[in-house]
file run37.txt (compact mmCIF, N, CA and C atoms)
# COMPACT_ATOMS: atom_id res chain seq x y z
N MET O 27 -14.78 -0.20 -12.34
CA MET O 27 -14.11 -1.29 -11.63
C MET O 27 -14.37 -1.12 -10.14
N ASN O 28 -14.94 -2.15 -9.52
CA ASN O 28 -15.22 -2.05 -8.09
C ASN O 28 -13.96 -2.36 -7.27
N ASN O 29 -14.04 -2.03 -5.98
CA ASN O 29 -12.88 -2.14 -5.10
C ASN O 29 -12.34 -3.56 -4.98
N GLN O 30 -13.22 -4.56 -4.92
CA GLN O 30 -12.75 -5.93 -4.80
C GLN O 30 -12.06 -6.39 -6.08
N LEU O 31 -12.53 -5.92 -7.22
CA LEU O 31 -11.88 -6.26 -8.49
C LEU O 31 -10.48 -5.65 -8.57
N ILE O 32 -10.32 -4.46 -8.02
CA ILE O 32 -8.99 -3.84 -7.95
C ILE O 32 -8.06 -4.72 -7.13
N ILE O 33 -8.51 -5.15 -5.95
CA ILE O 33 -7.70 -6.02 -5.09
C ILE O 33 -7.39 -7.33 -5.80
N ASN O 34 -8.37 -7.89 -6.51
CA ASN O 34 -8.15 -9.14 -7.24
C ASN O 34 -7.12 -9.00 -8.36
N ASN O 35 -6.96 -7.80 -8.90
CA ASN O 35 -6.00 -7.55 -9.96
C ASN O 35 -4.60 -7.23 -9.46
N LEU O 36 -4.43 -7.15 -8.14
CA LEU O 36 -3.10 -6.90 -7.59
C LEU O 36 -2.19 -8.08 -7.92
N PRO O 37 -0.93 -7.82 -8.25
CA PRO O 37 -0.02 -8.91 -8.60
C PRO O 37 0.65 -9.54 -7.38
N TYR O 38 -0.07 -9.64 -6.28
CA TYR O 38 0.46 -10.19 -5.02
C TYR O 38 -0.48 -11.26 -4.51
N GLN O 39 0.04 -12.09 -3.63
CA GLN O 39 -0.77 -13.07 -2.92
C GLN O 39 -0.19 -13.24 -1.52
N LYS O 40 -0.95 -13.87 -0.65
CA LYS O 40 -0.46 -14.14 0.69
C LYS O 40 0.79 -15.00 0.58
N PRO O 41 1.81 -14.77 1.33
CA PRO O 41 1.90 -13.89 2.49
C PRO O 41 2.38 -12.48 2.17
N PHE O 42 2.35 -12.07 0.90
CA PHE O 42 2.88 -10.75 0.56
C PHE O 42 1.80 -9.81 0.01
N LEU O 43 0.57 -10.04 0.37
CA LEU O 43 -0.54 -9.14 0.02
C LEU O 43 -0.88 -8.34 1.28
N PHE O 44 -0.77 -7.01 1.20
CA PHE O 44 -0.99 -6.16 2.36
C PHE O 44 -2.12 -5.16 2.12
N VAL O 45 -3.23 -5.67 1.57
CA VAL O 45 -4.43 -4.86 1.34
C VAL O 45 -5.62 -5.68 1.81
N ASP O 46 -6.35 -5.16 2.81
CA ASP O 46 -7.58 -5.82 3.25
C ASP O 46 -8.79 -5.23 2.54
N GLU O 47 -8.85 -3.90 2.49
CA GLU O 47 -10.00 -3.26 1.86
C GLU O 47 -9.63 -1.88 1.33
N ILE O 48 -10.36 -1.48 0.31
CA ILE O 48 -10.27 -0.13 -0.22
C ILE O 48 -11.51 0.60 0.26
N LEU O 49 -11.31 1.68 0.99
CA LEU O 49 -12.44 2.45 1.54
C LEU O 49 -12.94 3.51 0.57
N GLU O 50 -12.00 4.17 -0.12
CA GLU O 50 -12.35 5.23 -1.07
C GLU O 50 -11.33 5.19 -2.19
N ILE O 51 -11.79 5.51 -3.40
CA ILE O 51 -10.86 5.62 -4.53
C ILE O 51 -11.50 6.48 -5.61
N ASP O 52 -10.69 7.35 -6.18
CA ASP O 52 -11.09 8.14 -7.35
C ASP O 52 -9.82 8.50 -8.11
N GLU O 53 -9.93 9.29 -9.15
CA GLU O 53 -8.77 9.59 -10.00
C GLU O 53 -7.68 10.39 -9.29
N ASN O 54 -7.97 10.91 -8.09
CA ASN O 54 -6.98 11.71 -7.36
C ASN O 54 -6.35 11.02 -6.17
N GLY O 55 -6.87 9.87 -5.76
CA GLY O 55 -6.29 9.21 -4.61
C GLY O 55 -7.05 7.98 -4.16
N VAL O 56 -6.54 7.39 -3.10
CA VAL O 56 -7.12 6.16 -2.56
C VAL O 56 -6.92 6.13 -1.05
N LYS O 57 -7.83 5.43 -0.38
CA LYS O 57 -7.74 5.19 1.06
C LYS O 57 -8.09 3.73 1.29
N GLY O 58 -7.19 3.02 2.00
CA GLY O 58 -7.42 1.60 2.25
C GLY O 58 -6.81 1.17 3.56
N THR O 59 -7.10 -0.07 3.96
CA THR O 59 -6.64 -0.57 5.26
C THR O 59 -5.97 -1.93 5.15
N TYR O 60 -5.19 -2.20 6.19
CA TYR O 60 -4.60 -3.53 6.37
C TYR O 60 -4.37 -3.76 7.86
N THR O 61 -4.63 -4.97 8.32
CA THR O 61 -4.34 -5.38 9.69
C THR O 61 -3.21 -6.39 9.66
N TYR O 62 -2.13 -6.10 10.39
CA TYR O 62 -0.98 -7.00 10.47
C TYR O 62 -1.27 -8.08 11.51
N LYS O 63 -1.52 -9.29 11.04
CA LYS O 63 -1.85 -10.40 11.93
C LYS O 63 -0.62 -10.84 12.72
N GLU O 64 -0.83 -11.31 13.94
CA GLU O 64 0.30 -11.67 14.80
C GLU O 64 1.12 -12.84 14.27
N ASN O 65 0.58 -13.61 13.34
CA ASN O 65 1.34 -14.74 12.80
C ASN O 65 2.01 -14.42 11.46
N GLU O 66 2.14 -13.14 11.10
CA GLU O 66 2.82 -12.76 9.86
C GLU O 66 4.26 -13.28 9.89
N PHE O 67 4.77 -13.69 8.74
CA PHE O 67 6.08 -14.34 8.64
C PHE O 67 7.22 -13.47 9.17
N PHE O 68 7.13 -12.17 9.08
CA PHE O 68 8.25 -11.29 9.41
C PHE O 68 8.38 -11.01 10.90
N TYR O 69 7.37 -11.33 11.70
CA TYR O 69 7.46 -11.06 13.14
C TYR O 69 8.39 -12.02 13.87
N GLU O 70 8.56 -13.22 13.33
CA GLU O 70 9.35 -14.23 14.03
C GLU O 70 10.76 -13.76 14.37
N GLY O 71 11.38 -12.99 13.50
CA GLY O 71 12.75 -12.59 13.78
C GLY O 71 12.96 -11.09 13.92
N HIS O 72 11.89 -10.32 13.99
CA HIS O 72 12.03 -8.85 14.00
C HIS O 72 11.41 -8.30 15.26
N PHE O 73 11.83 -8.26 16.20
CA PHE O 73 12.76 -8.29 17.27
C PHE O 73 12.37 -9.38 18.24
N LYS O 74 13.37 -10.02 18.87
CA LYS O 74 13.11 -11.11 19.80
C LYS O 74 12.21 -10.64 20.93
N ASP O 75 11.14 -11.39 21.17
CA ASP O 75 10.22 -11.20 22.30
C ASP O 75 9.46 -9.86 22.28
N LYS O 76 9.65 -9.02 21.29
CA LYS O 76 8.92 -7.75 21.20
C LYS O 76 8.81 -7.36 19.72
N PRO O 77 8.01 -8.12 18.95
CA PRO O 77 7.96 -7.90 17.51
C PRO O 77 7.32 -6.57 17.12
N ILE O 78 7.91 -5.94 16.10
CA ILE O 78 7.30 -4.77 15.47
C ILE O 78 7.36 -4.98 13.95
N THR O 79 6.49 -4.29 13.26
CA THR O 79 6.43 -4.42 11.80
C THR O 79 7.62 -3.70 11.17
N PRO O 80 8.40 -4.39 10.34
CA PRO O 80 9.56 -3.76 9.69
C PRO O 80 9.14 -2.59 8.80
N GLY O 81 9.99 -1.56 8.75
CA GLY O 81 9.72 -0.39 7.92
C GLY O 81 9.54 -0.73 6.46
N VAL O 82 10.27 -1.73 5.96
CA VAL O 82 10.14 -2.12 4.57
C VAL O 82 8.74 -2.68 4.30
N ILE O 83 8.14 -3.34 5.29
CA ILE O 83 6.78 -3.87 5.14
C ILE O 83 5.77 -2.72 5.19
N LEU O 84 6.00 -1.74 6.06
CA LEU O 84 5.13 -0.56 6.08
C LEU O 84 5.18 0.16 4.73
N THR O 85 6.38 0.30 4.18
CA THR O 85 6.55 0.93 2.87
C THR O 85 5.83 0.13 1.80
N GLU O 86 5.97 -1.18 1.83
CA GLU O 86 5.31 -2.05 0.85
C GLU O 86 3.79 -1.91 0.95
N THR O 87 3.27 -1.83 2.17
CA THR O 87 1.82 -1.66 2.34
C THR O 87 1.37 -0.34 1.74
N MET O 88 2.13 0.73 1.99
CA MET O 88 1.77 2.02 1.40
C MET O 88 1.85 1.98 -0.12
N ALA O 89 2.84 1.26 -0.65
CA ALA O 89 2.97 1.15 -2.11
C ALA O 89 1.81 0.34 -2.70
N GLN O 90 1.45 -0.78 -2.07
CA GLN O 90 0.37 -1.61 -2.60
C GLN O 90 -0.95 -0.86 -2.61
N ILE O 91 -1.28 -0.22 -1.49
CA ILE O 91 -2.56 0.51 -1.42
C ILE O 91 -2.46 1.83 -2.17
N GLY O 92 -1.42 2.59 -1.86
CA GLY O 92 -1.35 3.97 -2.31
C GLY O 92 -0.93 4.20 -3.74
N VAL O 93 -0.21 3.24 -4.33
CA VAL O 93 0.25 3.42 -5.71
C VAL O 93 -0.35 2.35 -6.62
N VAL O 94 -0.22 1.07 -6.26
CA VAL O 94 -0.66 0.01 -7.16
C VAL O 94 -2.18 -0.03 -7.28
N CYS O 95 -2.91 0.04 -6.17
CA CYS O 95 -4.38 0.05 -6.26
C CYS O 95 -4.86 1.26 -7.07
N LEU O 96 -4.27 2.42 -6.81
CA LEU O 96 -4.65 3.61 -7.55
C LEU O 96 -4.29 3.47 -9.03
N GLY O 97 -3.13 2.93 -9.33
CA GLY O 97 -2.74 2.72 -10.73
C GLY O 97 -3.68 1.79 -11.47
N ILE O 98 -4.10 0.71 -10.82
CA ILE O 98 -5.06 -0.20 -11.44
C ILE O 98 -6.37 0.52 -11.71
N PHE O 99 -6.81 1.34 -10.76
CA PHE O 99 -8.03 2.13 -10.96
C PHE O 99 -7.88 3.08 -12.14
N LEU O 100 -6.74 3.75 -12.23
CA LEU O 100 -6.52 4.71 -13.32
C LEU O 100 -6.46 4.02 -14.69
N LEU O 101 -6.01 2.77 -14.71
CA LEU O 101 -5.91 2.01 -15.97
C LEU O 101 -7.06 1.04 -16.16
N LYS O 102 -8.16 1.24 -15.45
CA LYS O 102 -9.26 0.28 -15.45
C LYS O 102 -9.80 -0.04 -16.84
N ASP O 103 -9.75 0.91 -17.76
CA ASP O 103 -10.26 0.66 -19.11
C ASP O 103 -9.31 -0.19 -19.94
N GLU O 104 -8.07 -0.35 -19.50
CA GLU O 104 -7.09 -1.12 -20.24
C GLU O 104 -6.82 -2.49 -19.64
N ILE O 105 -7.35 -2.76 -18.45
CA ILE O 105 -7.09 -4.02 -17.75
C ILE O 105 -8.29 -4.94 -17.94
N GLY O 106 -8.01 -6.20 -18.24
CA GLY O 106 -9.08 -7.18 -18.41
C GLY O 106 -8.65 -8.52 -17.89
N SER O 107 -9.47 -9.53 -18.16
CA SER O 107 -9.18 -10.87 -17.64
C SER O 107 -7.91 -11.45 -18.26
N THR O 108 -7.55 -11.02 -19.47
CA THR O 108 -6.33 -11.52 -20.10
C THR O 108 -5.19 -10.51 -20.07
N LYS O 109 -5.48 -9.28 -19.68
CA LYS O 109 -4.45 -8.23 -19.66
C LYS O 109 -4.29 -7.73 -18.23
N LYS O 110 -3.24 -8.17 -17.57
CA LYS O 110 -2.97 -7.81 -16.19
C LYS O 110 -1.93 -6.70 -16.13
N PRO O 111 -1.98 -5.88 -15.09
CA PRO O 111 -1.01 -4.78 -14.99
C PRO O 111 0.39 -5.29 -14.63
N GLN O 112 1.39 -4.59 -15.14
CA GLN O 112 2.78 -4.83 -14.79
C GLN O 112 3.24 -3.65 -13.95
N ILE O 113 3.88 -3.93 -12.82
CA ILE O 113 4.21 -2.88 -11.86
C ILE O 113 5.68 -2.96 -11.49
N ALA O 114 6.31 -1.78 -11.34
CA ALA O 114 7.69 -1.70 -10.86
C ALA O 114 7.82 -0.45 -10.01
N LEU O 115 8.29 -0.60 -8.78
CA LEU O 115 8.57 0.54 -7.91
C LEU O 115 9.78 1.26 -8.48
N THR O 116 9.67 2.59 -8.62
CA THR O 116 10.80 3.34 -9.17
C THR O 116 11.52 4.16 -8.11
N SER O 117 10.81 4.65 -7.11
CA SER O 117 11.48 5.40 -6.05
C SER O 117 10.56 5.56 -4.85
N ASN O 118 11.19 5.77 -3.70
CA ASN O 118 10.41 6.06 -2.50
C ASN O 118 11.28 6.81 -1.51
N HIS O 119 10.62 7.62 -0.76
CA HIS O 119 11.24 8.31 0.38
C HIS O 119 10.19 8.30 1.48
N VAL O 120 10.49 7.63 2.57
CA VAL O 120 9.51 7.47 3.65
C VAL O 120 10.16 7.83 4.97
N ASP O 121 9.45 8.60 5.78
CA ASP O 121 9.86 8.91 7.15
C ASP O 121 8.93 8.14 8.10
N PHE O 122 9.51 7.58 9.15
CA PHE O 122 8.78 6.75 10.11
C PHE O 122 8.69 7.47 11.45
N TYR O 123 7.50 7.40 12.08
CA TYR O 123 7.27 8.11 13.33
C TYR O 123 6.86 7.21 14.49
N LEU O 124 6.08 6.17 14.23
CA LEU O 124 5.59 5.29 15.29
C LEU O 124 5.72 3.83 14.86
N PRO O 125 5.92 2.92 15.82
CA PRO O 125 5.94 1.50 15.48
C PRO O 125 4.53 0.97 15.23
N VAL O 126 4.46 -0.11 14.48
CA VAL O 126 3.21 -0.83 14.26
C VAL O 126 3.40 -2.23 14.83
N LEU O 127 2.51 -2.62 15.72
CA LEU O 127 2.62 -3.89 16.44
C LEU O 127 1.74 -4.96 15.81
N PRO O 128 1.98 -6.23 16.14
CA PRO O 128 1.10 -7.30 15.66
C PRO O 128 -0.36 -7.02 16.04
N ASN O 129 -1.26 -7.38 15.15
CA ASN O 129 -2.72 -7.20 15.29
C ASN O 129 -3.15 -5.74 15.20
N GLU O 130 -2.28 -4.87 14.74
CA GLU O 130 -2.64 -3.46 14.60
C GLU O 130 -3.16 -3.20 13.19
N LYS O 131 -4.25 -2.43 13.13
CA LYS O 131 -4.85 -2.04 11.85
C LYS O 131 -4.35 -0.65 11.48
N VAL O 132 -3.98 -0.48 10.22
CA VAL O 132 -3.53 0.81 9.72
C VAL O 132 -4.39 1.23 8.53
N THR O 133 -4.42 2.53 8.31
CA THR O 133 -5.09 3.10 7.15
C THR O 133 -4.06 3.86 6.33
N VAL O 134 -4.07 3.62 5.03
CA VAL O 134 -3.18 4.30 4.10
C VAL O 134 -4.01 5.29 3.30
N ILE O 135 -3.52 6.52 3.24
CA ILE O 135 -4.16 7.58 2.46
C ILE O 135 -3.15 8.08 1.45
N SER O 136 -3.54 8.06 0.19
CA SER O 136 -2.64 8.43 -0.90
C SER O 136 -3.28 9.51 -1.77
N GLU O 137 -2.48 10.50 -2.14
CA GLU O 137 -2.92 11.54 -3.06
C GLU O 137 -2.00 11.54 -4.27
N LYS O 138 -2.59 11.48 -5.45
CA LYS O 138 -1.81 11.47 -6.68
C LYS O 138 -1.10 12.81 -6.86
N VAL O 139 0.18 12.77 -7.13
CA VAL O 139 0.94 13.95 -7.51
C VAL O 139 0.87 14.09 -9.03
N TYR O 140 1.18 12.99 -9.74
CA TYR O 140 0.99 12.98 -11.19
C TYR O 140 0.94 11.54 -11.69
N PHE O 141 0.34 11.39 -12.86
CA PHE O 141 0.34 10.12 -13.58
C PHE O 141 0.54 10.46 -15.06
N ARG O 142 1.76 10.25 -15.54
CA ARG O 142 2.06 10.52 -16.95
C ARG O 142 3.14 9.55 -17.42
N PHE O 143 3.06 9.22 -18.70
CA PHE O 143 3.99 8.27 -19.30
C PHE O 143 4.09 6.99 -18.46
N ASN O 144 2.95 6.57 -17.93
CA ASN O 144 2.81 5.35 -17.12
C ASN O 144 3.55 5.41 -15.79
N LYS O 145 4.01 6.58 -15.38
CA LYS O 145 4.63 6.72 -14.06
C LYS O 145 3.64 7.42 -13.13
N LEU O 146 3.38 6.78 -12.01
CA LEU O 146 2.48 7.31 -11.00
C LEU O 146 3.29 7.70 -9.77
N LYS O 147 3.16 8.95 -9.36
CA LYS O 147 3.84 9.44 -8.16
C LYS O 147 2.77 9.91 -7.17
N CYS O 148 2.90 9.47 -5.91
CA CYS O 148 1.90 9.78 -4.89
C CYS O 148 2.54 10.24 -3.59
N GLU O 149 1.83 11.12 -2.90
CA GLU O 149 2.12 11.45 -1.50
C GLU O 149 1.30 10.47 -0.68
N VAL O 150 1.95 9.70 0.17
CA VAL O 150 1.28 8.63 0.89
C VAL O 150 1.56 8.76 2.38
N LYS O 151 0.52 8.51 3.18
CA LYS O 151 0.72 8.47 4.63
C LYS O 151 -0.03 7.28 5.22
N MET O 152 0.44 6.84 6.38
CA MET O 152 -0.18 5.74 7.11
C MET O 152 -0.50 6.23 8.51
N VAL O 153 -1.73 5.95 8.96
CA VAL O 153 -2.15 6.29 10.32
C VAL O 153 -2.65 5.04 11.02
N ASN O 154 -2.57 5.06 12.35
CA ASN O 154 -3.09 3.94 13.13
C ASN O 154 -4.55 4.20 13.50
N THR O 155 -5.14 3.32 14.31
CA THR O 155 -6.56 3.47 14.66
C THR O 155 -6.84 4.68 15.54
N LYS O 156 -5.79 5.25 16.15
CA LYS O 156 -5.95 6.48 16.93
C LYS O 156 -5.75 7.72 16.05
N ASN O 157 -5.62 7.48 14.73
CA ASN O 157 -5.37 8.53 13.74
C ASN O 157 -4.02 9.22 13.96
N GLU O 158 -3.07 8.49 14.56
CA GLU O 158 -1.72 9.00 14.74
C GLU O 158 -0.89 8.67 13.50
N LEU O 159 -0.04 9.59 13.09
CA LEU O 159 0.80 9.39 11.92
C LEU O 159 1.88 8.36 12.22
N VAL O 160 1.87 7.28 11.45
CA VAL O 160 2.86 6.21 11.59
C VAL O 160 4.06 6.50 10.68
N CYS O 161 3.78 6.82 9.43
CA CYS O 161 4.82 7.15 8.47
C CYS O 161 4.20 7.90 7.29
N ARG O 162 5.07 8.55 6.52
CA ARG O 162 4.59 9.26 5.33
C ARG O 162 5.76 9.45 4.38
N GLY O 163 5.40 9.69 3.11
CA GLY O 163 6.44 9.92 2.13
C GLY O 163 5.91 9.99 0.72
N GLU O 164 6.84 9.92 -0.23
CA GLU O 164 6.52 9.89 -1.65
C GLU O 164 6.92 8.53 -2.21
N ILE O 165 6.03 7.96 -2.99
CA ILE O 165 6.30 6.68 -3.63
C ILE O 165 5.92 6.80 -5.10
N SER O 166 6.80 6.31 -5.96
CA SER O 166 6.57 6.34 -7.40
C SER O 166 6.71 4.94 -7.97
N GLY O 167 5.96 4.69 -9.03
CA GLY O 167 6.06 3.41 -9.71
C GLY O 167 5.62 3.50 -11.15
N MET O 168 6.09 2.54 -11.93
CA MET O 168 5.66 2.41 -13.33
C MET O 168 4.55 1.39 -13.35
N ILE O 169 3.45 1.75 -14.00
CA ILE O 169 2.30 0.85 -14.09
C ILE O 169 1.88 0.79 -15.55
N ILE O 170 1.92 -0.42 -16.11
CA ILE O 170 1.60 -0.61 -17.51
C ILE O 170 0.55 -1.70 -17.62
N ALA O 171 -0.48 -1.42 -18.37
CA ALA O 171 -1.54 -2.43 -18.58
C ALA O 171 -1.27 -3.18 -19.86
call {"tool": "encode", "arguments": {"input": "run37.txt", "output": "structure tokens"}}
result
Amino acid sequence: MNNQLIINNLPYQKPFLFVDEILEIDENGVKGTYTYKENEFFYEGHFKDKPITPGVILTETMAQIGVVCLGIFLLKDEIGSTKKPQIALTSNHVDFYLPVLPNEKVTVISEKVYFRFNKLKCEVKMVNTKNELVCRGEISGMIIA
């Protein structure tokens, strides 16, 4: 399964798709990027005159790239044009270190902790273009094909 097919199999669409590209992926992890455009829906009210990306959106981006993309890759032999993956976030713990501003590109790096009984748990981090740590944590989800 190629990287674009993985993105096409994501159960999201704009304005709630936070994956631009997958740079690397294998059975142990994934690395991908997203750029938060200045006209994203959540900037209008998150903070007046000085918008920053909400932590819940940063967490969602890490989950989409770091858990869901990897889960689709791991289940590639079970996913087809008529069989789409079902996903549910089960837990997360994320620490935040730096803000992400409009038009900022981030990279998500995820390492699989385990994948068993359809539960995928990953150590995930997000860095900015200066390779500074934006946030990191553990995210788990159920992925069923």
call {"tool": "residues_around", "arguments": {"input": "run37.txt", "residues": "range 70-79 of chain O", "least_positions_apart": "6", "cutoff": "8 Å", "atoms": "only N, CA and C atoms", "output": "list in words"}}
result
Tyr62, Glu64, Pro125, Val126, Leu127 and Pro128 of chain O
call {"tool": "write_last_selection", "arguments": {"input": "run37.txt", "atoms": "N, CA and C atoms", "output": "PDB file, in the frame of the given file"}}
result
ATOM      1  N   TYR O  62      -2.130  -6.100  10.390  1.00  0.00           N
ATOM      2  CA  TYR O  62      -0.980  -7.000  10.470  1.00  0.00           C
ATOM      3  C   TYR O  62      -1.270  -8.080  11.510  1.00  0.00           C
ATOM      4  N   GLU O  64      -0.830 -11.310  13.940  1.00  0.00           N
ATOM      5  CA  GLU O  64       0.300 -11.670  14.800  1.00  0.00           C
ATOM      6  C   GLU O  64       1.120 -12.840  14.270  1.00  0.00           C
ATOM      7  N   PRO O 125       5.920   2.920  15.820  1.00  0.00           N
ATOM      8  CA  PRO O 125       5.940   1.500  15.480  1.00  0.00           C
ATOM      9  C   PRO O 125       4.530   0.970  15.230  1.00  0.00           C
ATOM     10  N   VAL O 126       4.460  -0.110  14.480  1.00  0.00           N
ATOM     11  CA  VAL O 126       3.210  -0.830  14.260  1.00  0.00           C
ATOM     12  C   VAL O 126       3.400  -2.230  14.830  1.00  0.00           C
ATOM     13  N   LEU O 127       2.510  -2.620  15.720  1.00  0.00           N
ATOM     14  CA  LEU O 127       2.620  -3.890  16.440  1.00  0.00           C
ATOM     15  C   LEU O 127       1.740  -4.960  15.810  1.00  0.00           C
ATOM     16  N   PRO O 128       1.980  -6.230  16.140  1.00  0.00           N
ATOM     17  CA  PRO O 128       1.100  -7.300  15.660  1.00  0.00           C
ATOM     18  C   PRO O 128      -0.360  -7.020  16.040  1.00  0.00           C
TER      19      PRO O 128
END
call {"tool": "closest_residue", "arguments": {"input": "run37.txt", "among": "O:Val150, O:Leu124, O:Ile32, O:Ile113", "to": "Cys95 in chain O", "atoms": "all atoms listed in the file"}}
result
O:Ile32
call {"tool": "residues_around", "arguments": {"input": "run37.txt", "residues": "Phe44 in chain O", "least_positions_apart": "6", "cutoff": "7 Å", "atoms": "all atoms listed in the file", "output": "list in words"}}
result
Thr59, Tyr60, Thr61, Glu86, Thr87, Gln90 and Ile91 of chain O
call {"tool": "write_last_selection", "arguments": {"input": "run37.txt", "atoms": "N, CA and C atoms", "output": "PDB file, in the coordinates of the input"}}
result
ATOM      1  N   THR O  59      -7.100  -0.070   3.960  1.00  0.00           N
ATOM      2  CA  THR O  59      -6.640  -0.570   5.260  1.00  0.00           C
ATOM      3  C   THR O  59      -5.970  -1.930   5.150  1.00  0.00           C
ATOM      4  N   TYR O  60      -5.190  -2.200   6.190  1.00  0.00           N
ATOM      5  CA  TYR O  60      -4.600  -3.530   6.370  1.00  0.00           C
ATOM      6  C   TYR O  60      -4.370  -3.760   7.860  1.00  0.00           C
ATOM      7  N   THR O  61      -4.630  -4.970   8.320  1.00  0.00           N
ATOM      8  CA  THR O  61      -4.340  -5.380   9.690  1.00  0.00           C
ATOM      9  C   THR O  61      -3.210  -6.390   9.660  1.00  0.00           C
ATOM     10  N   GLU O  86       5.970  -1.180   1.830  1.00  0.00           N
ATOM     11  CA  GLU O  86       5.310  -2.050   0.850  1.00  0.00           C
ATOM     12  C   GLU O  86       3.790  -1.910   0.950  1.00  0.00           C
ATOM     13  N   THR O  87       3.270  -1.830   2.170  1.00  0.00           N
ATOM     14  CA  THR O  87       1.820  -1.660   2.340  1.00  0.00           C
ATOM     15  C   THR O  87       1.370  -0.340   1.740  1.00  0.00           C
ATOM     16  N   GLN O  90       1.450  -0.780  -2.070  1.00  0.00           N
ATOM     17  CA  GLN O  90       0.370  -1.610  -2.600  1.00  0.00           C
ATOM     18  C   GLN O  90      -0.950  -0.860  -2.610  1.00  0.00           C
ATOM     19  N   ILE O  91      -1.280  -0.220  -1.490  1.00  0.00           N
ATOM     20  CA  ILE O  91      -2.560   0.510  -1.420  1.00  0.00           C
ATOM     21  C   ILE O  91      -2.460   1.830  -2.170  1.00  0.00           C
TER      22      ILE O  91
END
call {"tool": "select_by_dssp", "arguments": {"input": "run37.txt", "residues": "range 74-154 of chain O", "states": "strand (DSSP E)", "output": "ChimeraX atom specification"}}
result
/O:112-122,130-142,145-154
call {"tool": "atom_distance", "arguments": {"input": "run37.txt", "atom1": "atom N of Lys131 in chain O", "atom2": "atom N of Tyr38 in chain O"}}
result
21.1 Å
call {"tool": "residues_around", "arguments": {"input": "run37.txt", "residues": "Ile98 in chain O", "least_positions_apart": "3", "cutoff": "8 Å", "atoms": "all atoms listed in the file", "output": "list of chain:residue names"}}
result
O:Met27, O:Ile32, O:Asn35, O:Leu36, O:Val93, O:Val94, O:Cys95, O:Leu101, O:Lys102, O:Asp103, O:Ile105, O:Pro111, O:Ile169
call {"tool": "select_by_dssp", "arguments": {"input": "run37.txt", "residues": "chain O", "states": "helix (DSSP H, G or I)", "output": "list of chain:residue names"}}
result
O:Asn29, O:Gln30, O:Leu31, O:Ile32, O:Ile33, O:Asn34, O:Phe67, O:Phe68, O:Tyr69, O:Gly81, O:Val82, O:Ile83, O:Leu84, O:Thr85, O:Glu86, O:Thr87, O:Met88, O:Ala89, O:Gln90, O:Ile91, O:Gly92, O:Val93, O:Val94, O:Cys95, O:Leu96, O:Gly97, O:Ile98, O:Phe99, O:Leu100
call {"tool": "atom_distance", "arguments": {"input": "run37.txt", "atom1": "atom C of Tyr140 in chain O", "atom2": "atom N of Leu159 in chain O"}}
result
24.9 Å
call {"tool": "residues_near_point", "arguments": {"input": "run37.txt", "point": "(11.4, 5.6, 10.8)", "cutoff": "9 Å", "atoms": "only C-alpha atoms", "output": "CSV table (one decimal) with N, CA and C atoms, keeping the file's coordinate frame"}}
result
chain,number,residue,atom,x,y,z
O,81,GLY,N,10.0,-1.6,8.8
O,81,GLY,CA,9.7,-0.4,7.9
O,81,GLY,C,9.5,-0.7,6.5
O,120,VAL,N,10.5,7.6,2.6
O,120,VAL,CA,9.5,7.5,3.6
O,120,VAL,C,10.2,7.8,5.0
O,121,ASP,N,9.4,8.6,5.8
O,121,ASP,CA,9.9,8.9,7.2
O,121,ASP,C,8.9,8.1,8.1
O,122,PHE,N,9.5,7.6,9.2
O,122,PHE,CA,8.8,6.8,10.1
O,122,PHE,C,8.7,7.5,11.4
O,123,TYR,N,7.5,7.4,12.1
O,123,TYR,CA,7.3,8.1,13.3
O,123,TYR,C,6.9,7.2,14.5
O,124,LEU,N,6.1,6.2,14.2
O,124,LEU,CA,5.6,5.3,15.3
O,124,LEU,C,5.7,3.8,14.9
O,125,PRO,N,5.9,2.9,15.8
O,125,PRO,CA,5.9,1.5,15.5
O,125,PRO,C,4.5,1.0,15.2
O,160,VAL,N,1.9,7.3,11.4
O,160,VAL,CA,2.9,6.2,11.6
O,160,VAL,C,4.1,6.5,10.7
O,161,CYS,N,3.8,6.8,9.4
O,161,CYS,CA,4.8,7.2,8.5
O,161,CYS,C,4.2,7.9,7.3
call {"tool": "residues_around", "arguments": {"input": "run37.txt", "residues": "Glu137 in chain O", "least_positions_apart": "2", "cutoff": "8 Å", "atoms": "only C-alpha atoms", "output": "list of chain:residue names"}}
result
O:Asn54, O:Gly55, O:Val56, O:Gly92, O:Ile135, O:Val139, O:Cys148, O:Glu149, O:Val150
call {"tool": "closest_residue", "arguments": {"input": "run37.txt", "among": "O:Gln112, O:Thr133, O:Asn34, O:Ser166", "to": "Gly58 in chain O", "atoms": "all atoms listed in the file"}}
result
O:Thr133
call {"tool": "atom_distance", "arguments": {"input": "run37.txt", "atom1": "atom C of Thr85 in chain O", "atom2": "atom C of Thr116 in chain O"}}
result
12.1 Å
call {"tool": "closest_residue", "arguments": {"input": "run37.txt", "among": "O:Val132, O:Ile83, O:Leu115, O:Lys138", "to": "Glu53 in chain O", "atoms": "all atoms listed in the file"}}
result
O:Lys138
call {"tool": "closest_residue", "arguments": {"input": "run37.txt", "among": "O:Lys156, O:Ala171, O:Ile165, O:Glu130", "to": "Asn144 in chain O", "atoms": "only N, CA and C atoms"}}
result
O:Ala171
call {"tool": "decode", "arguments": {"input": "run37.txt", "residues": "range 110-121 of chain O", "atoms": "C-alpha atoms", "output": "compact mmCIF listing (two decimals), in the first residue's frame"}}
result
# COMPACT_ATOMS: atom_id res chain seq x y z
CA LYS O 110 -12.69 0.46 5.12
CA PRO O 111 -11.03 0.71 8.53
CA GLN O 112 -13.03 1.59 11.64
CA ILE O 113 -11.14 3.73 14.15
CA ALA O 114 -11.74 4.79 17.75
CA LEU O 115 -9.34 6.73 19.97
CA THR O 116 -9.03 4.91 23.29
CA SER O 117 -6.58 7.03 25.26
CA ASN O 118 -4.02 9.78 25.03
CA HIS O 119 -1.60 11.65 27.21
CA VAL O 120 0.10 14.61 25.58
CA ASP O 121 2.45 17.27 26.96
